[in-house]
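File shown here: structure26.txt, holding compact mmCIF, C-alpha atoms and all ligand atoms.
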# COMPACT_ATOMS: atom_id res chain seq x y z
CA MET A 1 150.90 -0.35 -36.26
CA THR A 2 150.70 -0.75 -32.49
CA GLY A 3 150.20 -4.50 -32.73
CA LYS A 4 147.08 -4.08 -30.62
CA LYS A 5 144.08 -6.12 -31.75
CA GLU A 6 140.88 -4.15 -32.36
CA MET A 7 138.48 -4.86 -29.53
CA SER A 8 135.44 -6.81 -30.71
CA TYR A 9 131.98 -6.24 -29.28
CA LYS A 10 132.36 -9.78 -27.97
CA ASP A 11 135.10 -8.73 -25.58
CA LYS A 12 132.78 -6.17 -24.00
CA ILE A 13 129.92 -8.60 -23.37
CA ASP A 14 129.27 -9.61 -19.77
CA LEU A 15 129.13 -13.39 -20.02
CA LEU A 16 127.24 -13.60 -16.74
CA LYS A 17 124.39 -11.53 -18.17
CA LEU A 18 123.84 -13.23 -21.51
CA PRO A 19 120.30 -13.55 -22.82
CA HIS A 20 119.46 -17.25 -22.65
CA HIS A 21 117.35 -17.05 -25.76
CA VAL A 22 117.81 -14.79 -28.79
CA ALA A 23 115.15 -14.77 -31.52
CA ILE A 24 115.80 -13.25 -34.93
CA ILE A 25 113.56 -12.07 -37.75
CA MET A 26 115.88 -12.45 -40.72
CA ASP A 27 114.64 -9.86 -43.18
CA GLY A 28 115.94 -8.09 -46.28
CA ASN A 29 117.22 -10.95 -48.45
CA GLY A 30 115.17 -9.83 -51.43
CA ARG A 31 116.21 -6.18 -51.19
CA TRP A 32 119.85 -7.17 -50.76
CA ALA A 33 119.73 -9.17 -53.99
CA LYS A 34 117.80 -6.49 -55.85
CA GLY A 35 120.39 -3.90 -54.82
CA LYS A 36 122.96 -6.05 -56.55
CA GLY A 37 120.82 -6.49 -59.66
CA LYS A 38 120.27 -10.17 -58.87
CA LEU A 39 117.25 -12.43 -58.36
CA ARG A 40 115.72 -12.65 -54.86
CA VAL A 41 116.97 -16.22 -54.49
CA PHE A 42 120.53 -14.90 -54.55
CA GLY A 43 119.65 -13.03 -51.34
CA HIS A 44 118.38 -16.20 -49.68
CA THR A 45 121.52 -18.10 -50.68
CA ASN A 46 123.64 -15.41 -49.10
CA GLY A 47 121.30 -15.34 -46.12
CA VAL A 48 122.48 -18.85 -45.34
CA VAL A 49 126.05 -17.51 -44.97
CA SER A 50 124.71 -15.16 -42.28
CA VAL A 51 122.85 -18.00 -40.58
CA ARG A 52 126.04 -20.03 -40.39
CA ASP A 53 128.05 -17.12 -39.02
CA VAL A 54 125.43 -16.14 -36.43
CA VAL A 55 125.03 -19.73 -35.23
CA GLU A 56 128.81 -19.90 -34.84
CA GLY A 57 128.74 -16.60 -32.96
CA GLY A 58 126.01 -17.86 -30.64
CA VAL A 59 127.93 -21.06 -29.95
CA ASP A 60 131.19 -19.17 -29.28
CA LEU A 61 129.45 -16.89 -26.84
CA GLY A 62 127.53 -19.63 -25.04
CA ILE A 63 123.99 -18.61 -25.98
CA LYS A 64 121.66 -21.48 -25.10
CA TYR A 65 118.74 -20.88 -27.51
CA LEU A 66 118.65 -19.23 -30.94
CA THR A 67 115.36 -19.13 -32.85
CA LEU A 68 115.31 -18.02 -36.49
CA TYR A 69 112.21 -16.95 -38.41
CA THR A 70 113.04 -18.90 -41.54
CA PHE A 71 109.70 -19.21 -43.32
CA SER A 72 106.34 -17.84 -42.23
CA SER A 73 102.93 -19.33 -43.00
CA GLU A 74 102.34 -16.21 -45.10
CA ASN A 75 105.50 -16.89 -47.13
CA TRP A 76 103.68 -19.74 -48.92
CA ASN A 77 101.94 -16.99 -50.90
CA ARG A 78 105.19 -15.90 -52.57
CA PRO A 79 105.84 -16.80 -56.22
CA LYS A 80 106.02 -20.57 -56.57
CA LEU A 81 109.57 -20.50 -57.92
CA GLU A 82 110.85 -18.53 -54.93
CA VAL A 83 109.11 -20.87 -52.47
CA MET A 84 110.61 -23.89 -54.25
CA ALA A 85 114.06 -22.31 -54.22
CA ILE A 86 113.87 -21.60 -50.47
CA MET A 87 112.77 -25.19 -49.79
CA GLU A 88 115.62 -26.56 -51.93
CA LEU A 89 118.03 -24.27 -50.14
CA MET A 90 116.77 -25.54 -46.82
CA VAL A 91 117.24 -29.17 -47.86
CA SER A 92 120.80 -28.61 -49.10
CA THR A 93 121.78 -26.37 -46.17
CA ILE A 94 120.46 -28.69 -43.47
CA HIS A 95 122.14 -31.64 -45.19
CA LYS A 96 125.48 -29.82 -45.38
CA GLU A 97 125.29 -28.41 -41.86
CA ILE A 98 124.65 -31.64 -39.92
CA LYS A 99 128.38 -32.32 -39.56
CA ASN A 100 128.94 -28.77 -38.38
CA PHE A 101 126.09 -29.10 -35.85
CA MET A 102 127.65 -32.28 -34.50
CA ASP A 103 131.11 -30.65 -34.26
CA LYS A 104 129.66 -27.65 -32.44
CA ASN A 105 127.26 -29.63 -30.21
CA VAL A 106 124.24 -27.82 -31.73
CA ARG A 107 120.80 -29.38 -31.38
CA LEU A 108 118.43 -28.60 -34.24
CA ASN A 109 114.77 -28.01 -33.50
CA ALA A 110 111.84 -26.73 -35.57
CA ILE A 111 108.53 -25.06 -34.80
CA GLY A 112 105.60 -24.39 -37.08
CA ASP A 113 103.17 -26.28 -39.26
CA LEU A 114 105.86 -28.69 -40.44
CA ASP A 115 103.36 -30.95 -42.20
CA MET A 116 103.07 -28.23 -44.85
CA LEU A 117 106.71 -28.69 -45.89
CA PRO A 118 107.54 -30.68 -49.03
CA LYS A 119 108.35 -34.29 -48.07
CA LYS A 120 112.04 -33.97 -48.98
CA CYS A 121 112.40 -30.94 -46.74
CA PHE A 122 110.40 -32.50 -43.90
CA ASP A 123 112.50 -35.68 -44.04
CA GLU A 124 115.83 -33.84 -44.17
CA LEU A 125 114.76 -31.69 -41.25
CA ASN A 126 113.62 -34.65 -39.17
CA ASN A 127 116.80 -36.52 -39.92
CA ALA A 128 118.88 -33.56 -38.70
CA ILE A 129 116.68 -33.15 -35.61
CA GLU A 130 117.08 -36.84 -34.74
CA THR A 131 120.82 -36.88 -35.49
CA THR A 132 121.50 -33.87 -33.28
CA ALA A 133 119.00 -34.81 -30.54
CA GLY A 134 121.72 -35.82 -28.08
CA ASN A 135 123.69 -32.56 -28.43
CA THR A 136 123.75 -30.40 -25.32
CA GLY A 137 124.96 -27.03 -26.61
CA LEU A 138 123.04 -24.36 -28.51
CA VAL A 139 119.44 -25.25 -29.38
CA LEU A 140 118.88 -23.87 -32.87
CA THR A 141 115.17 -23.60 -33.60
CA LEU A 142 113.97 -22.90 -37.13
CA ALA A 143 110.50 -21.39 -37.33
CA LEU A 144 109.16 -22.95 -40.52
CA SER A 145 105.70 -22.48 -41.96
CA TYR A 146 105.23 -20.61 -38.71
CA SER A 147 102.43 -18.29 -37.64
CA SER A 148 102.21 -17.19 -34.04
CA ARG A 149 98.45 -16.70 -34.15
CA ARG A 150 97.99 -20.21 -35.53
CA GLU A 151 100.27 -21.50 -32.78
CA ILE A 152 98.07 -19.82 -30.18
CA VAL A 153 94.85 -21.16 -31.74
CA ARG A 154 96.41 -24.62 -31.86
CA ALA A 155 97.29 -24.38 -28.16
CA ALA A 156 93.73 -23.28 -27.34
CA LYS A 157 92.35 -26.26 -29.27
CA ASN A 158 94.73 -28.68 -27.51
CA ILE A 159 93.60 -27.34 -24.15
CA ALA A 160 89.92 -27.50 -25.12
CA MET A 161 90.34 -31.14 -26.14
CA LYS A 162 92.01 -31.96 -22.81
CA VAL A 163 89.11 -30.32 -20.98
CA GLN A 164 86.62 -32.21 -23.13
CA SER A 165 88.30 -35.54 -22.38
CA GLY A 166 88.45 -34.76 -18.66
CA GLU A 167 92.27 -34.66 -18.61
CA LEU A 168 92.23 -31.01 -17.53
CA LYS A 169 89.86 -28.82 -15.49
CA VAL A 170 88.94 -25.32 -16.67
CA ASP A 171 90.06 -23.94 -13.30
CA ASP A 172 93.50 -25.44 -13.80
CA ILE A 173 94.17 -23.47 -17.00
CA ASN A 174 96.81 -20.85 -16.30
CA GLU A 175 99.76 -19.24 -18.10
CA GLU A 176 102.05 -22.23 -17.50
CA VAL A 177 99.49 -24.66 -18.88
CA PHE A 178 98.90 -22.44 -21.90
CA GLU A 179 102.63 -22.06 -22.51
CA SER A 180 103.24 -25.79 -22.35
CA ASN A 181 100.77 -26.22 -25.22
CA LEU A 182 102.71 -23.90 -27.53
CA TYR A 183 105.36 -25.25 -29.91
CA THR A 184 107.92 -23.61 -27.63
CA GLY A 185 106.66 -25.36 -24.48
CA ASN A 186 110.13 -26.61 -23.56
CA ILE A 187 112.04 -23.43 -24.49
CA PRO A 188 112.37 -20.34 -22.26
CA ASP A 189 110.97 -17.07 -23.64
CA PRO A 190 113.38 -14.98 -25.73
CA GLU A 191 114.86 -12.06 -23.82
CA LEU A 192 116.11 -10.42 -27.02
CA LEU A 193 114.38 -10.17 -30.39
CA ILE A 194 116.41 -8.86 -33.32
CA ARG A 195 114.93 -7.76 -36.64
CA THR A 196 117.08 -6.82 -39.59
CA SER A 197 116.38 -4.63 -42.63
CA GLY A 198 115.04 -1.50 -40.96
CA GLU A 199 111.45 -2.73 -40.60
CA TYR A 200 109.78 -2.16 -37.23
CA ARG A 201 107.32 -5.04 -37.16
CA ILE A 202 106.85 -8.32 -35.35
CA SER A 203 105.16 -10.05 -38.32
CA ASN A 204 103.26 -12.75 -36.41
CA TYR A 205 106.42 -14.06 -34.69
CA LEU A 206 106.40 -15.52 -31.17
CA LEU A 207 103.69 -13.11 -30.01
CA TRP A 208 103.08 -14.84 -26.68
CA GLN A 209 106.76 -15.57 -26.04
CA ILE A 210 108.11 -12.02 -26.55
CA ALA A 211 105.90 -10.47 -23.87
CA TYR A 212 108.98 -9.15 -22.02
CA ALA A 213 111.63 -9.37 -24.74
CA GLU A 214 113.87 -6.44 -25.53
CA LEU A 215 113.47 -5.44 -29.17
CA TYR A 216 116.48 -4.57 -31.30
CA PHE A 217 116.12 -3.25 -34.83
CA THR A 218 118.98 -2.79 -37.27
CA SER A 219 118.93 -1.39 -40.79
CA LYS A 220 121.41 -4.06 -41.94
CA LEU A 221 119.93 -6.46 -44.46
CA TRP A 222 120.09 -10.09 -43.36
CA PRO A 223 122.77 -11.23 -45.87
CA ASP A 224 125.07 -8.53 -44.42
CA PHE A 225 124.42 -9.54 -40.80
CA ARG A 226 127.33 -11.30 -39.07
CA LYS A 227 128.21 -12.56 -35.59
CA GLU A 228 129.75 -9.16 -34.82
CA ASP A 229 126.28 -7.64 -35.36
CA LEU A 230 124.82 -10.24 -32.99
CA TYR A 231 127.39 -9.23 -30.40
CA GLU A 232 126.54 -5.56 -30.90
CA ALA A 233 122.85 -6.35 -30.30
CA ILE A 234 123.66 -8.33 -27.15
CA LEU A 235 125.80 -5.49 -25.86
CA ASP A 236 122.92 -3.09 -26.45
CA PHE A 237 120.62 -5.52 -24.61
CA GLN A 238 122.98 -5.56 -21.64
CA LYS A 239 122.83 -1.78 -21.36
CA ARG A 240 119.06 -1.82 -20.93
CA GLU A 241 117.27 -1.98 -17.63
CA ARG A 242 114.73 -4.77 -17.59
CA ARG A 243 112.03 -3.88 -15.09
CA PHE A 244 109.19 -6.35 -15.77
CA GLY A 245 106.63 -3.77 -14.66
CA LYS A 246 108.53 -2.84 -11.49
CA THR A 247 110.19 0.52 -10.73
CA SER A 248 113.84 1.23 -11.42
CA GLU A 249 114.54 1.29 -7.66
CA GLN A 250 113.00 -2.13 -7.20
CA VAL A 251 115.18 -3.85 -9.78
CA ASN A 252 118.47 -2.18 -8.80
C1 LIG B 1 113.35 -12.65 -45.53
O1 LIG B 1 113.83 -11.82 -46.54
C2 LIG B 1 113.87 -14.01 -45.69
C3 LIG B 1 113.14 -15.14 -45.85
C4 LIG B 1 111.68 -15.18 -45.91
C5 LIG B 1 113.79 -16.44 -46.04
C6 LIG B 1 114.87 -16.69 -45.05
C7 LIG B 1 115.58 -17.91 -45.40
C8 LIG B 1 116.91 -18.04 -45.37
C9 LIG B 1 117.87 -17.03 -44.92
C10 LIG B 1 117.45 -19.35 -45.72
C11 LIG B 1 117.70 -19.99 -44.41
C12 LIG B 1 117.97 -21.39 -44.48
C13 LIG B 1 118.17 -22.11 -43.36
C14 LIG B 1 118.50 -23.53 -43.46
C15 LIG B 1 118.07 -21.54 -42.00
P1 LIG B 1 112.80 -11.29 -47.64
O2 LIG B 1 112.82 -12.25 -48.77
O3 LIG B 1 111.48 -11.07 -47.01
O4 LIG B 1 113.49 -9.94 -48.05
P2 LIG B 1 112.76 -8.59 -48.52
O5 LIG B 1 111.97 -8.10 -47.34
O6 LIG B 1 113.91 -7.70 -48.86
O7 LIG B 1 111.90 -8.94 -49.69
Same coordinates, now as structure tokens:
Amino acid sequence: MTGKKEMSYKDKIDLLKLPHHVAIIMDGNGRWAKGKGKLRVFGHTNGVVSVRDVVEGGVDLGIKYLTLYTFSSENWNRPKLEVMAIMELMVSTIHKEIKNFMDKNVRLNAIGDLDMLPKKCFDELNNAIETTAGNTGLVLTLALSYSSRREIVRAAKNIAMKVQSGELKVDDINEEVFESNLYTGNIPDPELLIRTSGEYRISNYLLWQIAYAELYFTSKLWPDFRKEDLYEAILDFQKRERRFGKTSEQVN
């Protein structure tokens, strides 16, 4: 024993070059449970442990925005029992976590077709959003009943209605206007998108917003993902050269 503490990935992160916004596709809960001979729901329950740890990691590091793909519009097509179990889990988790959010100055936010959620879930979510509204630390956004294509169509419809009512001119439609009509209108684009479970897909997640995001894929299944894995991904992000279409010479 040298008495020396193992260096964490966190210690190697340049705090001046943090991504402002990290988005995560939490995948692999079902496979994790199956690998242990358990029901899929067991994977989701353990996925919540990862959520808690990663939120804590984001807060400790000083990340401003964390957006989690919690339930897609397509997920409604899963077996009814699994959908019900996820909704129940959401209700109990959000209820339990409010105190933690207040202690850690986390503001809860949600994007997606929230009207589709069961009333109990919708109410619990809204209560947590209202309770944490004054918090100024990490903004934790849950994408729930979320489909990026639907979000884009919804924005197009909003804009069309504004044009129809004379509130907006066609010539005034630009990227900023379009963006402000998305659910994420008041959130900066993610600079880093993480997907767990070894799948290399975007799955209808934040398609507009990830135009310039760095993509990070890990084979770890979501219930095994911890803050240390988040730090590893951020470190990897910091090693990349972000050029935004320019040449290497121009950005250095
Ligand atoms: C993806 O794994 C996971 C989901 C669709 C559900 C994610 C939900 C949680 C982790 C609960 C979170 C709760 C809160 C309050 C944030 P999968 O089921 O698609 O796994 P598979 O690809 O192995 O089948």
Q | Radius query 7 Å about (103.0, -15.0, -29.7), atoms used: all atoms listed in the file, as a PyMOL selection string | A | chain A and resi 148-149+152+205-210
Q.
If we count only C-alpha atoms and set the cut-off at 9 Å, which residues sit around segment 184-199 of chain A, ignoring sequence neighbours fewer than 6 positions away in its own chain? Please answer as number ranges by chain.
A. A: 19-29, 31, 65-67, 111, 176, 178, 206, 208-222, 225, 230, 233-234, 237
Q: Please identify all polymer residues within 7 Å of Tyr146 of chain A, counting only C-alpha atoms, omitting same-chain residues fewer than 4 positions from it, and present them as a list of chain:residue names.
A: A:Phe71, A:Ser72, A:Ser73, A:Ile111, A:Gly112, A:Asp113
Go ahead and write the residues just picked, C-alpha atoms, as a short mmCIF file (atom, residue, chain, number, x, y, z; two decimals), in the coordinates of the input.
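File produced: part_26.cif:
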data_model
loop_
_atom_site.label_atom_id
_atom_site.label_comp_id
_atom_site.auth_asym_id
_atom_site.auth_seq_id
_atom_site.Cartn_x
_atom_site.Cartn_y
_atom_site.Cartn_z
CA PHE A 71 109.70 -19.21 -43.32
CA SER A 72 106.34 -17.84 -42.23
CA SER A 73 102.93 -19.33 -43.00
CA ILE A 111 108.53 -25.06 -34.80
CA GLY A 112 105.60 -24.39 -37.08
CA ASP A 113 103.17 -26.28 -39.26
#
Q: Tell me, in Å to one decimal, how far atom C11 of ligand LIG 1 (chain B) is from atom CA of Leu144 of chain A.
A: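 According to the coordinates, atom C11 of ligand LIG 1 (chain B) and atom CA of Leu144 of chain A are separated by 9.8 Å.
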Q) In terms of the shortest atom-to-atom distance over all atoms listed in the file, which of A:Ala128, A:Val251, A:Met7, A:Met90 is closest to ligand LIG 1 (chain B)? A)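 Answer, going by the shortest atom-to-atom distance: A:Met90.
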